[in-house]
Amino acid sequence: MTTPTPETASASAPAPTPSNTMTLQVGECRFVTRPATLTRGSDFFARQLSGRWPDIQPDGSYFIDADGDVFQHVLRYLRHEIMPIFYDNVKGHDYALYLAVLEQARYFGVEPLQKWLEEQKYLQAVKIVHSARVLVGIEDVSGPTGSHVKIEHHVTWKTRKVYVCPRAITGHMGNRDACGRLCRNARGDADDEYEDEEVLKILEVRKTTMLDPKMRVEQR
């Protein structure tokens with residue numbers, strides 16, 4: 001009996017049916033999926049799987065000479081139709097990866113993904129909101145926040161003039177209107193007295209990162 005060579009095996013192997021699973025060898029990475037997953041959103045796979053695949057390997061896998069680390073994002077889109085977001089709170093958007101996925105989206109004919117990346121819709125999917133407020137005293141600093149919020153505190157000391165009650169009544173200190181006739185009599189003809197007080201001022205700056213899930217779904 002003659003053992004089929006890899007060339008004869010590739011030539012005789014039929015294209016998989018939509019209900020079967022198939023193994024893709026993309027560069028050094030292997031992926032198991034269904035033909036229907038590939039053909040419903042990719043012109044490339046629709047053509048390749050309509051007849052006989054030219055690069056079937058001896059183990060039955062289908063070879064594609066591309067970067068498998070990038071292709072995983074294309075395949076994830078074909079499976080779930082959810083657009084990719086490559087964003088880090090420190091580094092921001094990974095533009096190099098967006099461009100790599102865009103190149104493969106063009107090659108594999110995945111038009112919705114290609115258009116979404118070309119129009120840089122990911123910039124609208126991730127929104128950054130900045131806010132600031134002045135805090136008086138460390139007790140005004142808020143507690144724990146979510147990981148999507150980055151907080152910076154800028155601390156300074158300020159000097160302010162504080163009214164001094166002539167009768168040294170604690171409840172009147174800093175509030176001239178609290179002093180009545182007795183306090184004014186105690187002051188006599190002298191000017192109101194003020195003393196310097198050190199005040200802690202904290203500028204709290206918040207950066208809130210928000211993801212809009214609607215932007216990750218193709219608008220039909």
# chains A, B, ... in the order shown; residues from 1 in each chain; ligands from 1
$ select_by_dssp --residues "segment 15-215 of chain A" --states "alpha helix (DSSP H)" --output "PyMOL selection string"
chain A and resi 35-39+43-48+68-80+95-107+111-118+122-125+181-187
$ closest_atom_pairs --of "segment 50-80 of chain A" --to "segment 33-44 of chain A" --cutoff "10 Å" --atoms "only C-alpha atoms" --output "CSV"
residue,atom,partner,partner_atom,distance
A:Ser50,CA,A:Thr39,CA,9.2
A:Val74,CA,A:Ser42,CA,9.8
A:Leu75,CA,A:Leu38,CA,7.7
A:Arg76,CA,A:Thr37,CA,9.9
A:Tyr77,CA,A:Gly41,CA,9.0
A:Leu78,CA,A:Gly41,CA,6.2
A:Arg79,CA,A:Thr37,CA,5.9
A:His80,CA,A:Thr37,CA,9.2
$ write_last_selection --atoms "N, CA and C atoms" --output "mmCIF file, in the first residue's frame"
data_model
loop_
_atom_site.group_PDB
_atom_site.id
_atom_site.type_symbol
_atom_site.label_atom_id
_atom_site.label_comp_id
_atom_site.auth_asym_id
_atom_site.auth_seq_id
_atom_site.Cartn_x
_atom_site.Cartn_y
_atom_site.Cartn_z
ATOM 1 N N SER A 50 -14.695 27.447 0.773
ATOM 2 C CA SER A 50 -15.701 27.103 -0.227
ATOM 3 C C SER A 50 -15.233 25.976 -1.142
ATOM 4 N N VAL A 74 -8.509 38.788 16.177
ATOM 5 C CA VAL A 74 -9.416 38.702 15.033
ATOM 6 C C VAL A 74 -10.413 37.566 15.248
ATOM 7 N N LEU A 75 -9.908 36.421 15.701
ATOM 8 C CA LEU A 75 -10.781 35.272 15.945
ATOM 9 C C LEU A 75 -11.769 35.564 17.074
ATOM 10 N N ARG A 76 -11.310 36.268 18.090
ATOM 11 C CA ARG A 76 -12.224 36.611 19.188
ATOM 12 C C ARG A 76 -13.367 37.482 18.675
ATOM 13 N N TYR A 77 -13.068 38.388 17.769
ATOM 14 C CA TYR A 77 -14.142 39.197 17.183
ATOM 15 C C TYR A 77 -15.097 38.318 16.372
ATOM 16 N N LEU A 78 -14.565 37.408 15.559
ATOM 17 C CA LEU A 78 -15.423 36.547 14.741
ATOM 18 C C LEU A 78 -16.328 35.683 15.611
ATOM 19 N N ARG A 79 -15.848 35.327 16.785
ATOM 20 C CA ARG A 79 -16.653 34.488 17.683
ATOM 21 C C ARG A 79 -17.760 35.283 18.371
ATOM 22 N N HIS A 80 -17.436 36.483 18.842
ATOM 23 C CA HIS A 80 -18.364 37.204 19.718
ATOM 24 C C HIS A 80 -18.857 38.528 19.146
#
$ residues_around --residues "Ile169 of chain A" --least-positions-apart "5" --cutoff "12 Å" --atoms "only C-alpha atoms" --output "MDAnalysis selection string"
chainID A and resid 163:164 174:176 178:180 182:183 186
$ write_last_selection --atoms "N, CA and C atoms" --output "PDB file, in the first residue's frame"
ATOM      1  N   TYR A 163     -10.145  85.766  63.490  1.00  0.00           N
ATOM      2  CA  TYR A 163     -10.622  86.747  64.466  1.00  0.00           C
ATOM      3  C   TYR A 163     -10.434  86.220  65.888  1.00  0.00           C
ATOM      4  N   VAL A 164     -10.000  87.130  66.783  1.00  0.00           N
ATOM      5  CA  VAL A 164      -9.775  86.762  68.183  1.00  0.00           C
ATOM      6  C   VAL A 164     -10.792  87.497  69.048  1.00  0.00           C
ATOM      7  N   GLY A 174     -12.752  83.245  65.567  1.00  0.00           N
ATOM      8  CA  GLY A 174     -12.902  83.091  64.123  1.00  0.00           C
ATOM      9  C   GLY A 174     -14.241  83.556  63.596  1.00  0.00           C
ATOM     10  N   ASN A 175     -15.124  84.041  64.482  1.00  0.00           N
ATOM     11  CA  ASN A 175     -16.463  84.468  64.054  1.00  0.00           C
ATOM     12  C   ASN A 175     -16.803  85.788  64.746  1.00  0.00           C
ATOM     13  N   ARG A 176     -16.487  86.881  64.097  1.00  0.00           N
ATOM     14  CA  ARG A 176     -16.682  88.207  64.695  1.00  0.00           C
ATOM     15  C   ARG A 176     -18.147  88.463  65.010  1.00  0.00           C
ATOM     16  N   ALA A 178     -20.254  86.571  66.182  1.00  0.00           N
ATOM     17  CA  ALA A 178     -20.707  85.891  67.400  1.00  0.00           C
ATOM     18  C   ALA A 178     -20.522  86.763  68.640  1.00  0.00           C
ATOM     19  N   CYS A 179     -19.657  87.750  68.537  1.00  0.00           N
ATOM     20  CA  CYS A 179     -19.418  88.626  69.684  1.00  0.00           C
ATOM     21  C   CYS A 179     -20.550  89.649  69.828  1.00  0.00           C
ATOM     22  N   GLY A 180     -21.006  89.802  71.070  1.00  0.00           N
ATOM     23  CA  GLY A 180     -22.081  90.756  71.341  1.00  0.00           C
ATOM     24  C   GLY A 180     -21.578  91.997  72.063  1.00  0.00           C
ATOM     25  N   LEU A 182     -21.104  92.668  75.264  1.00  0.00           N
ATOM     26  CA  LEU A 182     -20.078  92.487  76.279  1.00  0.00           C
ATOM     27  C   LEU A 182     -18.690  92.370  75.658  1.00  0.00           C
ATOM     28  N   CYS A 183     -18.604  91.691  74.532  1.00  0.00           N
ATOM     29  CA  CYS A 183     -17.308  91.542  73.854  1.00  0.00           C
ATOM     30  C   CYS A 183     -16.839  92.891  73.315  1.00  0.00           C
ATOM     31  N   ALA A 186     -15.546  94.925  76.064  1.00  0.00           N
ATOM     32  CA  ALA A 186     -14.217  94.458  76.466  1.00  0.00           C
ATOM     33  C   ALA A 186     -13.149  94.933  75.489  1.00  0.00           C
TER      34      ALA A 186
END
$ closest_residue --among "A:Ala66, A:Ile85, A:Ile138, A:Met173" --to "Cys29 of chain A" --atoms "only C-alpha atoms"
A:Ala66
$ residues_around --residues "Lys158 of chain A" --least-positions-apart "4" --cutoff "9 Å" --atoms "only C-alpha atoms" --output "PyMOL selection string"
chain A and resi 197-201
$ select_by_dssp --residues "segment 11-70 of chain A" --states "strand (DSSP E or B)" --output "tab-separated table (two decimals) with N, CA and C atoms, in the first residue's frame"
chain	number	residue	atom	x	y	z
A	22	MET	N	-12.34	22.63	13.35
A	22	MET	CA	-11.13	22.60	12.55
A	22	MET	C	-10.01	23.27	13.34
A	23	THR	N	-8.80	22.89	13.04
A	23	THR	CA	-7.63	23.44	13.72
A	23	THR	C	-6.87	24.34	12.76
A	24	LEU	N	-6.65	25.57	13.19
A	24	LEU	CA	-5.85	26.51	12.41
A	24	LEU	C	-4.46	26.59	13.02
A	25	GLN	N	-3.46	26.49	12.18
A	25	GLN	CA	-2.08	26.71	12.59
A	25	GLN	C	-1.68	28.08	12.05
A	26	VAL	N	-1.74	29.09	12.92
A	26	VAL	CA	-1.43	30.46	12.51
A	26	VAL	C	-0.06	30.82	13.08
A	29	CYS	N	1.02	29.47	16.56
A	29	CYS	CA	-0.13	29.28	17.45
A	29	CYS	C	-1.20	28.42	16.78
A	30	ARG	N	-1.88	27.62	17.60
A	30	ARG	CA	-2.95	26.75	17.10
A	30	ARG	C	-4.28	27.19	17.71
A	31	PHE	N	-5.31	27.17	16.87
A	31	PHE	CA	-6.65	27.56	17.30
A	31	PHE	C	-7.65	26.52	16.81
A	32	VAL	N	-8.58	26.13	17.69
A	32	VAL	CA	-9.65	25.21	17.33
A	32	VAL	C	-10.94	26.01	17.26
A	33	THR	N	-11.63	25.93	16.13
A	33	THR	CA	-12.86	26.69	15.95
A	33	THR	C	-13.75	25.96	14.95
A	56	ILE	N	-3.21	22.45	3.79
A	56	ILE	CA	-3.57	21.52	4.86
A	56	ILE	C	-2.32	20.74	5.26
A	62	TYR	N	-4.93	23.51	9.37
A	62	TYR	CA	-4.93	24.43	8.22
A	62	TYR	C	-3.94	25.55	8.51
A	63	PHE	N	-2.93	25.66	7.67
A	63	PHE	CA	-1.83	26.59	7.95
A	63	PHE	C	-2.11	27.97	7.38
A	64	ILE	N	-1.83	28.99	8.21
A	64	ILE	CA	-1.89	30.39	7.78
A	64	ILE	C	-0.60	31.05	8.23
$ closest_residue --among "A:Ala46, A:Val149, A:Leu113, A:Val141" --to "Glu81 of chain A" --atoms "only C-alpha atoms"
A:Leu113
$ residues_around --residues "Trp116 of chain A" --least-positions-apart "3" --cutoff "12 Å" --atoms "only C-alpha atoms" --output "JSON, numbers by chain"
{"A": [77, 81, 82, 83, 84, 85, 98, 99, 101, 102, 105, 106, 110, 111, 112, 113, 119, 120, 121, 122, 123, 124, 125, 215, 216, 217, 218, 219]}
$ atom_distance --atom1 "atom CA of Val155 of chain A" --atom2 "atom CA of Lys207 of chain A"
17.5 Å
$ atom_distance --atom1 "atom CA of Arg160 of chain A" --atom2 "atom CA of Arg184 of chain A"
22.9 Å
$ closest_residue --among "A:Tyr87, A:Phe108, A:Glu152, A:Asp196" --to "His130 of chain A" --atoms "only C-alpha atoms"
A:Glu152
$ closest_residue --among "A:Gly188, A:Leu97, A:Thr21, A:Ser142" --to "Gly60 of chain A" --atoms "only C-alpha atoms"
A:Thr21
$ closest_residue --among "A:Asp140, A:Asp65, A:Asp59, A:Asp177" --to "Ile202 of chain A" --atoms "only C-alpha atoms"
A:Asp140
$ atom_distance --atom1 "atom CA of Phe45 of chain A" --atom2 "atom CA of Pro58 of chain A"
20.2 Å
$ decode --residues "segment 155-198 of chain A" --atoms "N, CA and C atoms" --output "mmCIF file, in the first residue's frame"
data_model
loop_
_atom_site.group_PDB
_atom_site.id
_atom_site.type_symbol
_atom_site.label_atom_id
_atom_site.label_comp_id
_atom_site.auth_asym_id
_atom_site.auth_seq_id
_atom_site.Cartn_x
_atom_site.Cartn_y
_atom_site.Cartn_z
ATOM 1 N N VAL A 155 -0.580 68.904 48.213
ATOM 2 C CA VAL A 155 -0.739 69.475 49.549
ATOM 3 C C VAL A 155 0.055 70.776 49.676
ATOM 4 N N THR A 156 -0.583 71.808 50.226
ATOM 5 C CA THR A 156 0.082 73.073 50.532
ATOM 6 C C THR A 156 -0.441 73.596 51.871
ATOM 7 N N TRP A 157 0.375 74.421 52.500
ATOM 8 C CA TRP A 157 -0.042 75.086 53.730
ATOM 9 C C TRP A 157 -0.305 76.558 53.421
ATOM 10 N N LYS A 158 -1.416 77.072 53.896
ATOM 11 C CA LYS A 158 -1.778 78.464 53.709
ATOM 12 C C LYS A 158 -1.937 79.131 55.076
ATOM 13 N N THR A 159 -1.736 80.446 55.092
ATOM 14 C CA THR A 159 -1.928 81.226 56.315
ATOM 15 C C THR A 159 -3.184 82.077 56.168
ATOM 16 N N ARG A 160 -4.037 82.012 57.157
ATOM 17 C CA ARG A 160 -5.244 82.841 57.126
ATOM 18 C C ARG A 160 -5.361 83.628 58.432
ATOM 19 N N LYS A 161 -6.080 84.751 58.359
ATOM 20 C CA LYS A 161 -6.311 85.590 59.524
ATOM 21 C C LYS A 161 -7.566 85.106 60.251
ATOM 22 N N VAL A 162 -7.429 84.875 61.544
ATOM 23 C CA VAL A 162 -8.540 84.374 62.348
ATOM 24 C C VAL A 162 -8.889 85.410 63.417
ATOM 25 N N TYR A 163 -10.145 85.766 63.490
ATOM 26 C CA TYR A 163 -10.622 86.747 64.466
ATOM 27 C C TYR A 163 -10.434 86.220 65.888
ATOM 28 N N VAL A 164 -10.000 87.130 66.783
ATOM 29 C CA VAL A 164 -9.775 86.762 68.183
ATOM 30 C C VAL A 164 -10.792 87.497 69.048
ATOM 31 N N CYS A 165 -11.578 86.729 69.793
ATOM 32 C CA CYS A 165 -12.577 87.321 70.686
ATOM 33 C C CYS A 165 -11.862 88.028 71.848
ATOM 34 N N PRO A 166 -12.225 89.267 72.157
ATOM 35 C CA PRO A 166 -11.560 89.982 73.260
ATOM 36 C C PRO A 166 -11.794 89.337 74.617
ATOM 37 N N ARG A 167 -12.819 88.520 74.728
ATOM 38 C CA ARG A 167 -13.090 87.829 75.989
ATOM 39 C C ARG A 167 -12.598 86.388 75.943
ATOM 40 N N ALA A 168 -11.940 86.024 74.804
ATOM 41 C CA ALA A 168 -11.348 84.688 74.647
ATOM 42 C C ALA A 168 -12.378 83.572 74.762
ATOM 43 N N ILE A 169 -13.580 83.851 74.284
ATOM 44 C CA ILE A 169 -14.617 82.820 74.288
ATOM 45 C C ILE A 169 -14.387 81.910 73.084
ATOM 46 N N THR A 170 -14.247 80.646 73.347
ATOM 47 C CA THR A 170 -13.891 79.692 72.287
ATOM 48 C C THR A 170 -14.890 79.711 71.142
ATOM 49 N N GLY A 171 -16.163 79.778 71.447
ATOM 50 C CA GLY A 171 -17.190 79.759 70.416
ATOM 51 C C GLY A 171 -17.199 80.991 69.537
ATOM 52 N N HIS A 172 -16.531 82.063 69.993
ATOM 53 C CA HIS A 172 -16.476 83.303 69.214
ATOM 54 C C HIS A 172 -15.233 83.375 68.339
ATOM 55 N N MET A 173 -14.251 82.518 68.595
ATOM 56 C CA MET A 173 -12.986 82.594 67.870
ATOM 57 C C MET A 173 -13.210 82.321 66.384
ATOM 58 N N GLY A 174 -12.752 83.245 65.567
ATOM 59 C CA GLY A 174 -12.902 83.091 64.123
ATOM 60 C C GLY A 174 -14.241 83.556 63.596
ATOM 61 N N ASN A 175 -15.124 84.041 64.482
ATOM 62 C CA ASN A 175 -16.463 84.468 64.054
ATOM 63 C C ASN A 175 -16.803 85.788 64.746
ATOM 64 N N ARG A 176 -16.487 86.881 64.097
ATOM 65 C CA ARG A 176 -16.682 88.207 64.695
ATOM 66 C C ARG A 176 -18.147 88.463 65.010
ATOM 67 N N ASP A 177 -19.042 87.947 64.179
ATOM 68 C CA ASP A 177 -20.472 88.196 64.390
ATOM 69 C C ASP A 177 -21.000 87.525 65.650
ATOM 70 N N ALA A 178 -20.254 86.571 66.182
ATOM 71 C CA ALA A 178 -20.707 85.891 67.400
ATOM 72 C C ALA A 178 -20.522 86.763 68.640
ATOM 73 N N CYS A 179 -19.657 87.750 68.537
ATOM 74 C CA CYS A 179 -19.418 88.626 69.684
ATOM 75 C C CYS A 179 -20.550 89.649 69.828
ATOM 76 N N GLY A 180 -21.006 89.802 71.070
ATOM 77 C CA GLY A 180 -22.081 90.756 71.341
ATOM 78 C C GLY A 180 -21.578 91.997 72.063
ATOM 79 N N ARG A 181 -22.507 92.625 72.816
ATOM 80 C CA ARG A 181 -22.192 93.886 73.474
ATOM 81 C C ARG A 181 -21.073 93.735 74.486
ATOM 82 N N LEU A 182 -21.104 92.668 75.264
ATOM 83 C CA LEU A 182 -20.078 92.487 76.279
ATOM 84 C C LEU A 182 -18.690 92.370 75.658
ATOM 85 N N CYS A 183 -18.604 91.691 74.532
ATOM 86 C CA CYS A 183 -17.308 91.542 73.854
ATOM 87 C C CYS A 183 -16.839 92.891 73.315
ATOM 88 N N ARG A 184 -17.785 93.667 72.750
ATOM 89 C CA ARG A 184 -17.400 94.973 72.224
ATOM 90 C C ARG A 184 -16.954 95.904 73.346
ATOM 91 N N ASN A 185 -17.627 95.814 74.507
ATOM 92 C CA ASN A 185 -17.205 96.617 75.658
ATOM 93 C C ASN A 185 -15.808 96.221 76.103
ATOM 94 N N ALA A 186 -15.546 94.925 76.064
ATOM 95 C CA ALA A 186 -14.217 94.458 76.466
ATOM 96 C C ALA A 186 -13.149 94.933 75.489
ATOM 97 N N ARG A 187 -13.491 95.082 74.218
ATOM 98 C CA ARG A 187 -12.532 95.560 73.220
ATOM 99 C C ARG A 187 -12.261 97.043 73.397
ATOM 100 N N GLY A 188 -13.311 97.771 73.759
ATOM 101 C CA GLY A 188 -13.157 99.215 73.911
ATOM 102 C C GLY A 188 -12.927 99.879 72.569
ATOM 103 N N ASP A 189 -11.996 100.820 72.562
ATOM 104 C CA ASP A 189 -11.701 101.570 71.336
ATOM 105 C C ASP A 189 -10.628 100.900 70.483
ATOM 106 N N ALA A 190 -10.126 99.788 70.914
ATOM 107 C CA ALA A 190 -9.054 99.104 70.163
ATOM 108 C C ALA A 190 -9.615 98.457 68.896
ATOM 109 N N ASP A 191 -8.736 98.287 67.913
ATOM 110 C CA ASP A 191 -9.135 97.605 66.676
ATOM 111 C C ASP A 191 -9.353 96.114 66.931
ATOM 112 N N ASP A 192 -10.135 95.517 66.049
ATOM 113 C CA ASP A 192 -10.317 94.065 66.151
ATOM 114 C C ASP A 192 -8.967 93.374 66.034
ATOM 115 N N GLU A 193 -8.838 92.296 66.749
ATOM 116 C CA GLU A 193 -7.561 91.566 66.756
ATOM 117 C C GLU A 193 -7.692 90.273 65.937
ATOM 118 N N TYR A 194 -6.667 90.015 65.142
ATOM 119 C CA TYR A 194 -6.614 88.789 64.341
ATOM 120 C C TYR A 194 -5.267 88.127 64.554
ATOM 121 N N GLU A 195 -5.261 86.832 64.464
ATOM 122 C CA GLU A 195 -3.996 86.100 64.543
ATOM 123 C C GLU A 195 -3.869 85.176 63.340
ATOM 124 N N ASP A 196 -2.613 84.873 63.008
ATOM 125 C CA ASP A 196 -2.349 83.984 61.871
ATOM 126 C C ASP A 196 -2.573 82.524 62.264
ATOM 127 N N GLU A 197 -3.186 81.793 61.352
ATOM 128 C CA GLU A 197 -3.415 80.359 61.574
ATOM 129 C C GLU A 197 -2.998 79.584 60.322
ATOM 130 N N GLU A 198 -2.217 78.536 60.523
ATOM 131 C CA GLU A 198 -1.795 77.681 59.411
ATOM 132 C C GLU A 198 -2.938 76.723 59.044
#
